[in-house]
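Read the structure below first, then the notes.
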Amino acid sequence: MKDKIISYLNNNKHYWWTVGLLPGMYAITYLYTNNYTLVNSWTQLLYLVLSMIIAPSALMILMSFVLKNKSDRIKNVFYSSSLIILTAISLSLVIYLGWRWKALILVAIIAIIVSWFLGKHYKKGVLILFLMCLLGILQLSFYLFTSIYTYENWIKESPFVNIEFQIKPNIYYIQPDGYANKPSLTNDNYHFDNSRFYSDMISKGFNFNHQYRSNYPSTLTSNATLFTGQHHFYDSENFNNELFNARQIIMGKNPVLETFKENGYRTTAILQHRYLLLNHPDIYYDRININENELSILPDYQLDKDYFNDLKLAISTADNKPQFYFIEILEPGHITGVKAKNTSAIKERNQYIDNLKSINTTLQDIVDYITSQDPEGIIIMAADHGGFVGYNYTGESYSYLTDDIALHQAIFGALLTIKAPAEFQSHQKKIKSSISLFPNLFNYLSQDSISKNKLDNSSYQLIKSGTQSGIYRYYDENGIPVTEKL
């Protein structure tokens, strides 16, 4: 092996694959090791292989013929600068998930200059990159085996999929991301009077569950439980950056959508952004307002669809079957996710309140429109989790354990208000958290007051690091704040 390496370093031959293949291969292994749940579709893998391995390799093969009779120095400069530039482009795409044009142009200029003087040493860089690829492949293989190959599906057979509805009104589920509940908004961290919104909504026929909570702290972890009526407990701590398979659970075949479809409902998803579609999951909804050609290959959730007009179009073109609409709005959102230089709890609070004021008007316009078109429809407005106000950034909530009730509220306290017939009130009172929302709705639609399964309304937080790492219950099943390790 040593002799082969020395021979490679000392000969004047150039190999297209060392520059055309290695940078993209390392970048892809890095991307899949660190962000597997964002790119684990065959469509994305195909595009990544084509753009980061096959295209550069084809270019290098072509250029090897073009430079066939050129001097060794020209060849060294070309292969050296190409290695640096392709590596920089590949890593920029997978680390920053986008182009950094100014930085890449600067790297290209420096690469050409450096290669003019030191290009003959580029093969040493190839060896380093080759070793990085080997390590990357080993890391990815370990991750795939320990996290994916051994993955056990936590979703059990649902007791409410076979419920037969006796009444079938249209159902509109509006999910404003991170919209905090009343106890949260009135604590010292939020310190915001939202009474005008509550009064306006009550005048429109809505009733509030002000003690409503999410069971988990993020859109994916919370909605995975919402649409299954089951706890995942963070896959028993087998949790990297995201809950595995969450988008497939939320947008694909799940117990809630199955139950609606078994009862003859048409299902429609109206999304503001493509966050729930980042890894191109199979869609179980009958209709959705985002097309395949609007999805990104590298994770980029921003799309900003005109979701209100899309909802109007969906309602106006609905057939005569009963309808279920899932309307996801990523507002008011939550405070920033990662720490930055100028991040502070006060600054984040002020921005959050501004966003809340802004979305209030839109939410009222949406419910006014739905009511005008469908006075008998049931409208559910329920947030996926709290706004995290009180923390400097959301990631802070995963880094240390706390028994501060205001911080517990910041994570889990979520808006819930429902416009429904008076007979629904007894069922609405039983909705304590995300996990119990649809089971109680289904009990009402089936005209059955008996719960089909026992639901754990506890809220769980994951502490990712330190001596106190693990899963903790922050609210028990009765809504009492606790700090208990599972």
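Simple scheme: letters A, B, ... for chains in structure tokens order, numbers from 1 for residues in each chain, numbers from 1 for ligands in the order shown.
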Using DSSP on the backbone coordinates, identify the residues of stretch 89-260 of chain A assigned to strand (DSSP E or B); present them as a ChimeraX atom specification. /A:171-176,206-208,213
Residues within 6 Å of stretch 52-59 of chain A, only C-alpha atoms, excluding chain neighbours under 4 positions, as a PyMOL selection string: chain A and resi 20-21+24+48
Save out the residues we just selected, N, CA and C atoms, as a PDB file, in the first residue's frame.
ATOM      1  N   GLY A  20     -13.065  14.350 -10.035  1.00  0.00           N
ATOM      2  CA  GLY A  20     -14.467  14.373 -10.432  1.00  0.00           C
ATOM      3  C   GLY A  20     -15.401  13.671  -9.473  1.00  0.00           C
ATOM      4  N   LEU A  21     -14.909  12.651  -8.793  1.00  0.00           N
ATOM      5  CA  LEU A  21     -15.772  11.817  -7.961  1.00  0.00           C
ATOM      6  C   LEU A  21     -15.648  12.099  -6.469  1.00  0.00           C
ATOM      7  N   GLY A  24     -17.652  15.216  -4.514  1.00  0.00           N
ATOM      8  CA  GLY A  24     -19.088  14.978  -4.412  1.00  0.00           C
ATOM      9  C   GLY A  24     -19.420  13.806  -3.513  1.00  0.00           C
ATOM     10  N   LEU A  48     -28.689  14.431  -6.501  1.00  0.00           N
ATOM     11  CA  LEU A  48     -27.402  14.698  -5.868  1.00  0.00           C
ATOM     12  C   LEU A  48     -26.276  13.919  -6.542  1.00  0.00           C
TER      13      LEU A  48
END
From the set A:Ile335, A:Ile167, A:Leu67, A:Leu462, which residue has the shortest atom-to-atom contact distance to A:Asn263, counting only C-alpha atoms?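 Residue with the minimum atom-to-atom distance to A:Asn263: A:Ile167.
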In terms of only C-alpha atoms, the residue from A:Asn254, A:Thr402, A:Ser434, A:Ser199 at minimal distance from A:Gln468 is A:Thr402
